[in-house]
Each structure stands twice: as C-alpha cells, then as structure tokens.
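Undergrad: Please see the structure below; I have some questions.
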Amino acid sequence: FCSCSKKSLPASPASPPASDQGQLCDASAKSCATPPTSELAAALHANREALVRLRDVLEGAGGEVDAHTDIYLLRFLLAEKGDEAAAARWLHDTTRWRLSIGAVEMRRQALAGAALFDLHPDVRAILSVCQSFPAHGRARDGGPLNIILHDGFSPTRVMETVSSAGFLGSMVALMEHNMAAADATSAASGSLTRMSFVFCYEGLSLSMINMRFLTTYFVKVAGLDSRYPSLIGAVSCVNAPSIFSFAFGAVRGMLSEDIRGRMRVEKPATSRAALLALAPACHLPAALGGDCESMPAAVAKRTGWDRVDPAERRELHADSKIRCYL
C-alpha cells in the first residue's frame, strides 16, 4: 500500500545475523536437490535433517504441518543456537500450549488469509479501546510492524471491556497473525523476518499504572515471547517522558531478558529518527512522523476494520492523537 521500493530498504537490526541463520533447513526433497539461492534457503538446507526430526516432534505433539512449517521450526533452532534437543523440548511444550489455547487454529486461519478480527472474538473490542494498530505495515526487514500508542489508554476501560482470558486470547491472536505474516514474508523474501513493535509513550501518566490490570491482565501476556522464539525483533519505545523509568519499573520484572535487551527507549527529540530507522515513512501514521494521514485500506482489510461502519470508526479514540485515523 505504499510506493517504497523494497530493494532500497536497508537491513533491520531485528533480522537475525547471517551467521546465525547459517548455523541452522527445509526437509523437502526439492530443496535438497536445488542449490540454495538465499540466506534463508541456505539455513533451511543446512539443517534439513534436524527439521525432519522436528517435524516429527511437532506432529507427535498434535501440531499441524503447513506451507511454512520449516521456517517456523527454524525459529526454534535459531533461539537454541542450533541445539536440536533443546529446540525439540521447547517445540513440544509450545505445541501442547498452542493446542490448548486455540493458537493452532488461529495460525491455520491466518495463513488462509483471515483478518485479525476473525481469529478471536475479543480482538475488535480490544482494538476499540486501545490505540493499537497491529500489522500496520512493514518494518525495514520486511516483517510486520505493530504500533501501540498510550495517550488516552485506560486500564480500567480495558478491564470493563474484556475478561483477562479474552485479553490473553486477543494477544495470542495478534502473535499468530504476525507470525503467519512473518513466515510468509520470509519465504517470499529469502530472509528470515520478525515482527517489530513501536510503543509511543506520549501522554503516559501515573493513572495508567493500574496494579489490578498489571497483575491480572498484563502478567498473562508479558511472557508470550517464550511461546514465539525468534519472532520478536525490534521493540522501539518512542516519545518517552520523564516518568517512563518509573512506569517501566512496575513491569520490568514481568518481561524476559530477551525483550528487555531488544527495547530501545527514545526521548521525543530522537524519536522520529528512530522510527524512520525502523520503518519507512509510508508505513507510519502521520501522528508519528509518517506519511499515512488515515489507516491505509490494506491495513484495514488485514485487521478487519474495513467491515466496520466509517462513522463508528471515526468516533473511536477521540481523546488520542490518532483520532479519526481509523
């Protein structure tokens, strides 16, 4: 939905280094017979035997094989630095969890082209009260870009809108939708891509630090990255005010070391440059220094907003800097 040339985009820090990809493969006979033509193809080829065995682990735990299974499995090998036994244990436990929470079905739907709204019944409700734009466009590594703004955020309103289980289910749907997009983009581009996050903290206030929300809602989703190895790339926290350090202290212990290591906190003066380093302007809202004055039609379709009456969409987030963006 933008005119940016993919060819001209520099590599993103969210992408795993070529050396990591090389440590790790497609189990298909076709890939074994054809010389690798990209970094990703080389990584898949180099680990083809391990991926055959990991497929057995996946199916043995009740998981499903799809067009991008080898890329999905490669993420476990990358996260474990090529340790197949550790990757197999992680994969087995994750597969059982994904079955229990409905994530396997979500992936099947996402790969078939379903909108995010279709993956869980509470997604639309969550996005109606939170200024969030999942899969808004692409980061510079080609992976999906997710944007979350905090001005106008009300933990109380979220808790009044959905249950903690619904909140968790919606966040799992977001992760599955992003993972399906990242795996498909990886296959098309020949380079392993990840999902990136932009958290805009302009308007952050102490009233947003709600301990009931943190201990009954946020805590359930804070560790989701452990179920999605090698999927999360850049985490850019922009327009951070002076109280950010205090607010972050309330959640720091709930976040994994990997996520904390990926976070880059930017003050208002450096935020626009950081955003443009992460994603092209044509994939960012104008409120964040980008070119999009309103939600692009392709984004609305991927999410499901295209089915909602425009008048209703305009009424959402009236107290935010992105009012009328939908």
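Just remember, in the structure tokens the first chain shown is A, the second B, etc., residues are 1-based per chain, and ligands are 1-based in the order shown.
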Would you return as a PyMOL selection string the members of region 64-313 of chain A that DSSP assigns to strand (DSSP E or B) on this structure's backbone?
TA: chain A and resi 132-138+144-149+195-200+232-238+263-265+285+292
Undergrad: Could you list, as a list in words, every residue within 10 Å of Gly166 (chain A), counting only C-alpha atoms and ignoring same-chain residues fewer than 4 positions away?
TA: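 What passes the distance filter is His120, Pro121, Asp122, Val123, Ala125, Ile126, Met159, Thr161, Val162, Ser170, Met171, Val172 and Tyr217 of chain A.
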Undergrad: Mind the document's chain letters and residue numbers, and return as a PyMOL selection string the residues of region 207-281 of chain A that DSSP labels alpha helix (DSSP H).
TA: chain A and resi 211-213+219-221+244-251+257-262+268-278
Undergrad: Please, which residues in region 126-162 of chain A fall within 12 Å of region 230-250 of chain A when counting only C-alpha atoms, and what is the closest atom pair and distance in Å to one decimal for each, ordered by chain then residue number, as CSV?
TA:
```
residue,atom,partner,partner_atom,distance
A:Ala139,CA,A:Ala234,CA,9.1
A:Arg140,CA,A:Ala234,CA,10.5
A:Asp141,CA,A:Gly233,CA,9.4
A:Gly142,CA,A:Gly233,CA,11.3
A:Gly143,CA,A:Gly233,CA,8.9
A:Pro144,CA,A:Gly233,CA,10.0
A:Leu145,CA,A:Ala234,CA,9.5
A:Asn146,CA,A:Val235,CA,9.6
A:Ile147,CA,A:Ser236,CA,9.6
A:Ile148,CA,A:Cys237,CA,9.6
A:Leu149,CA,A:Val238,CA,9.6
A:His150,CA,A:Asn239,CA,10.3
A:Asp151,CA,A:Asn239,CA,10.9
```
Undergrad: Those residues you just picked out, can you put them in a file as a compact mmCIF listing (two decimals), in the first residue's frame with N, CA, C and O atoms?
TA:
```txt
# COMPACT_ATOMS: atom_id res chain seq x y z
N ALA A 139 8.23 -3.23 8.71
CA ALA A 139 9.49 -2.65 9.15
C ALA A 139 10.49 -2.80 8.01
O ALA A 139 10.20 -3.42 6.98
N ARG A 140 11.66 -2.27 8.19
CA ARG A 140 12.64 -2.31 7.11
C ARG A 140 13.20 -3.70 6.82
O ARG A 140 13.80 -3.93 5.78
N ASP A 141 13.00 -4.65 7.75
CA ASP A 141 13.43 -6.02 7.45
C ASP A 141 12.36 -6.77 6.68
O ASP A 141 12.54 -7.93 6.32
N GLY A 142 11.20 -6.12 6.42
CA GLY A 142 10.12 -6.76 5.67
C GLY A 142 9.08 -7.41 6.54
O GLY A 142 8.03 -7.83 6.06
N GLY A 143 9.34 -7.50 7.85
CA GLY A 143 8.39 -8.13 8.76
C GLY A 143 7.28 -7.19 9.18
O GLY A 143 7.38 -5.97 9.00
N PRO A 144 6.21 -7.72 9.77
CA PRO A 144 5.07 -6.89 10.17
C PRO A 144 5.41 -5.89 11.28
O PRO A 144 6.18 -6.20 12.19
N LEU A 145 4.83 -4.70 11.17
CA LEU A 145 5.05 -3.62 12.12
C LEU A 145 3.80 -3.41 12.96
O LEU A 145 2.69 -3.29 12.42
N ASN A 146 3.95 -3.35 14.28
CA ASN A 146 2.82 -3.17 15.19
C ASN A 146 3.02 -1.90 15.99
O ASN A 146 4.09 -1.67 16.56
N ILE A 147 1.99 -1.06 16.02
CA ILE A 147 2.09 0.26 16.65
C ILE A 147 1.08 0.37 17.78
O ILE A 147 -0.11 0.10 17.60
N ILE A 148 1.56 0.76 18.97
CA ILE A 148 0.70 0.92 20.14
C ILE A 148 0.96 2.29 20.74
O ILE A 148 2.09 2.62 21.07
N LEU A 149 -0.10 3.09 20.87
CA LEU A 149 0.01 4.41 21.49
C LEU A 149 -0.60 4.38 22.88
O LEU A 149 -1.54 3.62 23.14
N HIS A 150 -0.06 5.22 23.77
CA HIS A 150 -0.52 5.21 25.15
C HIS A 150 -1.34 6.45 25.54
O HIS A 150 -1.92 6.49 26.63
N ASP A 151 -1.39 7.46 24.70
CA ASP A 151 -2.20 8.61 25.07
C ASP A 151 -3.67 8.20 25.03
O ASP A 151 -4.15 7.62 24.07
```
Undergrad: Need the shell around Thr156 (chain A): protein/DNA/RNA residues with any atom at most 9 Å away, counting only C-alpha atoms. Skip same-chain ones fewer than 3 positions apart. Format as a ChimeraX atom specification?
TA: /A:159-161,208,210,212-213
Undergrad: In Å to one decimal, how far is CA of Phe117 (chain A) from CA of Val158 (chain A)?
TA: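 Pair CA of Val158 (chain A) / CA of Phe117 (chain A) returns 17.0 Å.
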Undergrad: Within 12 Å of Arg96 (chain A), counting only C-alpha atoms, which residues show up once you throw out same-chain ones fewer than 3 positions away? Write them as a tab-separated table (two decimals) with N, CA, C and O atoms, in the first residue's frame, please.
TA:
```tsv
chain	number	residue	atom	x	y	z
A	57	VAL	N	8.45	-34.24	15.91
A	57	VAL	CA	8.11	-33.76	17.24
A	57	VAL	C	6.82	-32.93	17.20
A	57	VAL	O	5.92	-33.11	18.03
A	58	LEU	N	6.74	-32.05	16.21
A	58	LEU	CA	5.56	-31.20	16.06
A	58	LEU	C	4.30	-32.03	15.89
A	58	LEU	O	3.30	-31.83	16.60
A	59	GLU	N	4.33	-32.98	14.96
A	59	GLU	CA	3.15	-33.80	14.69
A	59	GLU	C	2.85	-34.75	15.85
A	59	GLU	O	1.69	-35.01	16.17
A	60	GLY	N	3.91	-35.23	16.50
A	60	GLY	CA	3.71	-36.12	17.64
A	60	GLY	C	3.03	-35.42	18.81
A	60	GLY	O	2.31	-36.05	19.59
A	61	ALA	N	3.23	-34.11	18.91
A	61	ALA	CA	2.60	-33.34	19.99
A	61	ALA	C	1.21	-32.86	19.60
A	61	ALA	O	0.53	-32.21	20.41
A	62	GLY	N	0.79	-33.17	18.37
A	62	GLY	CA	-0.56	-32.78	17.92
A	62	GLY	C	-0.59	-31.56	17.04
A	62	GLY	O	-1.67	-31.07	16.70
A	63	GLY	N	0.58	-31.05	16.64
A	63	GLY	CA	0.63	-29.87	15.78
A	63	GLY	C	0.35	-30.18	14.33
A	63	GLY	O	0.24	-31.35	13.94
A	64	GLU	N	0.26	-29.14	13.52
A	64	GLU	CA	-0.05	-29.28	12.10
A	64	GLU	C	1.10	-28.80	11.24
A	64	GLU	O	1.81	-27.86	11.60
A	89	ARG	N	12.47	-29.99	22.78
A	89	ARG	CA	11.72	-29.88	24.05
A	89	ARG	C	10.86	-28.62	24.05
A	89	ARG	O	9.69	-28.66	24.46
A	90	TRP	N	11.44	-27.53	23.60
A	90	TRP	CA	10.71	-26.26	23.55
A	90	TRP	C	9.53	-26.37	22.59
A	90	TRP	O	8.41	-25.94	22.89
A	91	LEU	N	9.78	-26.98	21.43
A	91	LEU	CA	8.72	-27.15	20.43
A	91	LEU	C	7.58	-28.01	20.96
A	91	LEU	O	6.41	-27.67	20.77
A	92	HIS	N	7.91	-29.10	21.63
A	92	HIS	CA	6.86	-29.99	22.16
A	92	HIS	C	5.98	-29.26	23.16
A	92	HIS	O	4.75	-29.29	23.08
A	93	ASP	N	6.62	-28.57	24.12
A	93	ASP	CA	5.86	-27.85	25.14
A	93	ASP	C	5.01	-26.74	24.52
A	93	ASP	O	3.85	-26.52	24.90
A	99	LEU	N	-2.10	-25.79	21.23
A	99	LEU	CA	-3.33	-26.56	21.06
A	99	LEU	C	-4.34	-26.21	22.15
A	99	LEU	O	-5.54	-26.07	21.88
A	100	SER	N	-3.87	-26.04	23.37
A	100	SER	CA	-4.77	-25.80	24.50
A	100	SER	C	-5.45	-24.44	24.42
A	100	SER	O	-6.57	-24.25	24.92
A	101	ILE	N	-4.79	-23.48	23.77
A	101	ILE	CA	-5.33	-22.11	23.75
A	101	ILE	C	-5.96	-21.73	22.41
A	101	ILE	O	-6.50	-20.65	22.24
A	102	GLY	N	-5.91	-22.65	21.45
A	102	GLY	CA	-6.53	-22.39	20.15
A	102	GLY	C	-5.62	-21.73	19.14
A	102	GLY	O	-6.08	-21.32	18.07
A	103	ALA	N	-4.32	-21.66	19.43
A	103	ALA	CA	-3.41	-20.96	18.52
A	103	ALA	C	-3.17	-21.72	17.23
A	103	ALA	O	-2.89	-21.10	16.19
A	104	VAL	N	-3.26	-23.04	17.26
A	104	VAL	CA	-3.06	-23.83	16.03
A	104	VAL	C	-4.13	-23.47	15.00
A	104	VAL	O	-3.84	-23.27	13.83
A	227	ARG	N	6.71	-18.30	23.88
A	227	ARG	CA	5.98	-19.23	23.00
A	227	ARG	C	6.23	-18.94	21.52
A	227	ARG	O	5.77	-19.68	20.66
```
Undergrad: Could you name the residues that touch Leu288 (chain A) at 8 Å or less, counting only C-alpha atoms, but leaving out those on the same chain fewer than 3 positions away, as a PyMOL selection string?
TA: chain A and resi 272+275+284-285
Undergrad: To one decimal place, how far is CA of Pro268 (chain A) from CA of Ser154 (chain A) in Å?
TA: 22.2 Å
Undergrad: Can you pull out every residue within 8 Å of Arg302 (chain A), counting only C-alpha atoms, but drop anything in the same chain fewer than 5 positions away, and send it as a list of chain:residue names?
TA: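 In the requested format, the answer is A:Ala114, A:Ala115, A:Leu116, A:Ala135.
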Undergrad: I need the chosen residues saved as a short mmCIF file (atom, residue, chain, number, x, y, z; two decimals), in the first residue's frame, with C-alpha atoms.
TA:
```cif
data_model
loop_
_atom_site.label_atom_id
_atom_site.label_comp_id
_atom_site.auth_asym_id
_atom_site.auth_seq_id
_atom_site.Cartn_x
_atom_site.Cartn_y
_atom_site.Cartn_z
CA ALA A 114 -8.29 -14.39 7.57
CA ALA A 115 -8.37 -10.91 9.08
CA LEU A 116 -7.15 -10.42 12.63
CA ALA A 135 0.38 -5.34 11.29
#
```
